[in-house]
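Q: Quick one: the structure is below, and I'll ask about it shortly.
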Amino acid sequence: MNEFRPPTTFEQKVYDALHLIPKGKVTTYRALGEYISCRSAQAIGQALRRNPMASGAPCHRVVKTDRTIGGFSGQSDGEPVMRKKRLLESEGISFQEDGTIPEEQCYFFDD
DNA sequence: AGATTGACTAACC
DNA sequence: AGGTTAGCCAATC
């Protein structure tokens, strides 16, 4: 059975930042990383993937820096990513024909 | 303690 | 346009 590992300080920061994202917006791995003073977007991705929904964080609101969908639920493509996309659309996020999200819908922790 | 992994990114070829 | 390399950094092996 799943053994829960207490979240690390780093992960706490990631989750906290996620909660700051307004509904109807997304952020990027990098913007999130800058917010918590981490220059590795990869480490952000790791924090998210290592954490199941136990954190209660809206982990679907994080996309890649090029504003494409990015991964979800441990996968970079496939069904989980489809779910992520649907989830974002249901929250008001729109996707352009090239698969990117308009910059106006991105939240970069400007405030 | 060192090597590997990875929901990343940018630069290079 | 698509593959490889390099940089990044926390968690895991």
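For the structure tokens, the naming scheme is as follows: chains receive sequential letters (A, B, ...) according to their order of presentation, residues are indexed from 1 within each chain, and ligands are indexed from 1 in presentation order.
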Give as a PDB file with C-alpha atoms (C1' of nucleotides), in the first residue's frame every residue of chain C that touches chain A within 6 Å, counting only C-alpha atoms (C1' of nucleotides).
A:
ATOM      1  C1'  DC C   8      19.740  22.809 -13.604  1.00  0.00           C
ATOM      2  C1'  DC C   9      18.419  20.667  -8.737  1.00  0.00           C
ATOM      3  C1'  DA C  10      15.471  17.817  -5.318  1.00  0.00           C
TER       4       DA C  10
END
Q: Give me, as a tab-separated table (two decimals) with N, CA, C and O atoms (P, O5', C5', C4', C3', O3' and C1' of nucleotides), in the first residue's frame, the residues of chain B touching chain A, with the criterion being at most 8 Å (counting only C-alpha atoms (C1' of nucleotides)).
A:
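File written: part18.tsv
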chain	number	residue	atom	x	y	z
B	6	DG	P	12.71	8.05	-14.66
B	6	DG	O5'	12.25	9.59	-14.78
B	6	DG	C5'	11.62	10.17	-13.69
B	6	DG	C4'	11.51	11.67	-13.82
B	6	DG	C3'	11.12	12.20	-15.22
B	6	DG	O3'	9.95	13.02	-15.11
B	6	DG	C1'	12.95	13.39	-14.32
B	7	DA	P	8.59	12.32	-15.58
B	7	DA	O5'	7.64	13.58	-15.74
B	7	DA	C5'	7.22	13.97	-17.03
B	7	DA	C4'	6.60	15.34	-16.96
B	7	DA	C3'	7.53	16.38	-16.37
B	7	DA	O3'	7.43	17.56	-17.13
B	7	DA	C1'	5.48	16.42	-15.25
B	8	DC	P	8.44	17.85	-18.28
B	8	DC	O5'	9.45	18.74	-17.42
B	8	DC	C5'	9.01	19.79	-16.56
B	8	DC	C4'	9.94	20.98	-16.73
B	8	DC	C3'	9.87	21.60	-18.13
B	8	DC	O3'	9.78	23.02	-18.01
B	8	DC	C1'	12.10	21.07	-17.59
B	9	DT	P	9.57	23.92	-19.32
B	9	DT	O5'	11.08	24.30	-19.64
B	9	DT	C5'	11.81	25.00	-18.65
B	9	DT	C4'	13.09	25.53	-19.25
B	9	DT	C3'	12.95	26.14	-20.66
B	9	DT	O3'	13.62	27.39	-20.66
B	9	DT	C1'	14.66	24.52	-20.64
Q: Name the residues in contact with B:DT5 at a cut-off of 10 Å, using only C-alpha atoms (C1' of nucleotides), excluding same-chain residues fewer than 6 positions from it; report them as a ChimeraX atom specification.
A: /A:46 /C:11-13
Q: Could you give me the residues within stretch 3-86 of chain A that DSSP places in helix (DSSP H, G or I), as a PyMOL selection string?
A: chain A and resi 9-19+29-35+41-49+53-55+59-61+79-86
Q: Would you kindly return, as a ChimeraX atom specification, each protein, DNA or RNA residue with an atom no farther than 12 Å from any atom of B:DA11, considering only C-alpha atoms (C1' of nucleotides) and excluding same-chain residues fewer than 4 positions away?
A: /C:4-7
Q: Provide the atom CA of A:Val14 to atom CA of A:Glu79 distance in Å, to one decimal place.
A: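 That distance, rounded to one decimal, is 24.3 Å.
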Q: Mind checking DSSP for stretch 10-70 of chain A and telling me the strand (DSSP E) residues as a PyMOL selection string?
A: chain A and resi 27-28+62-63
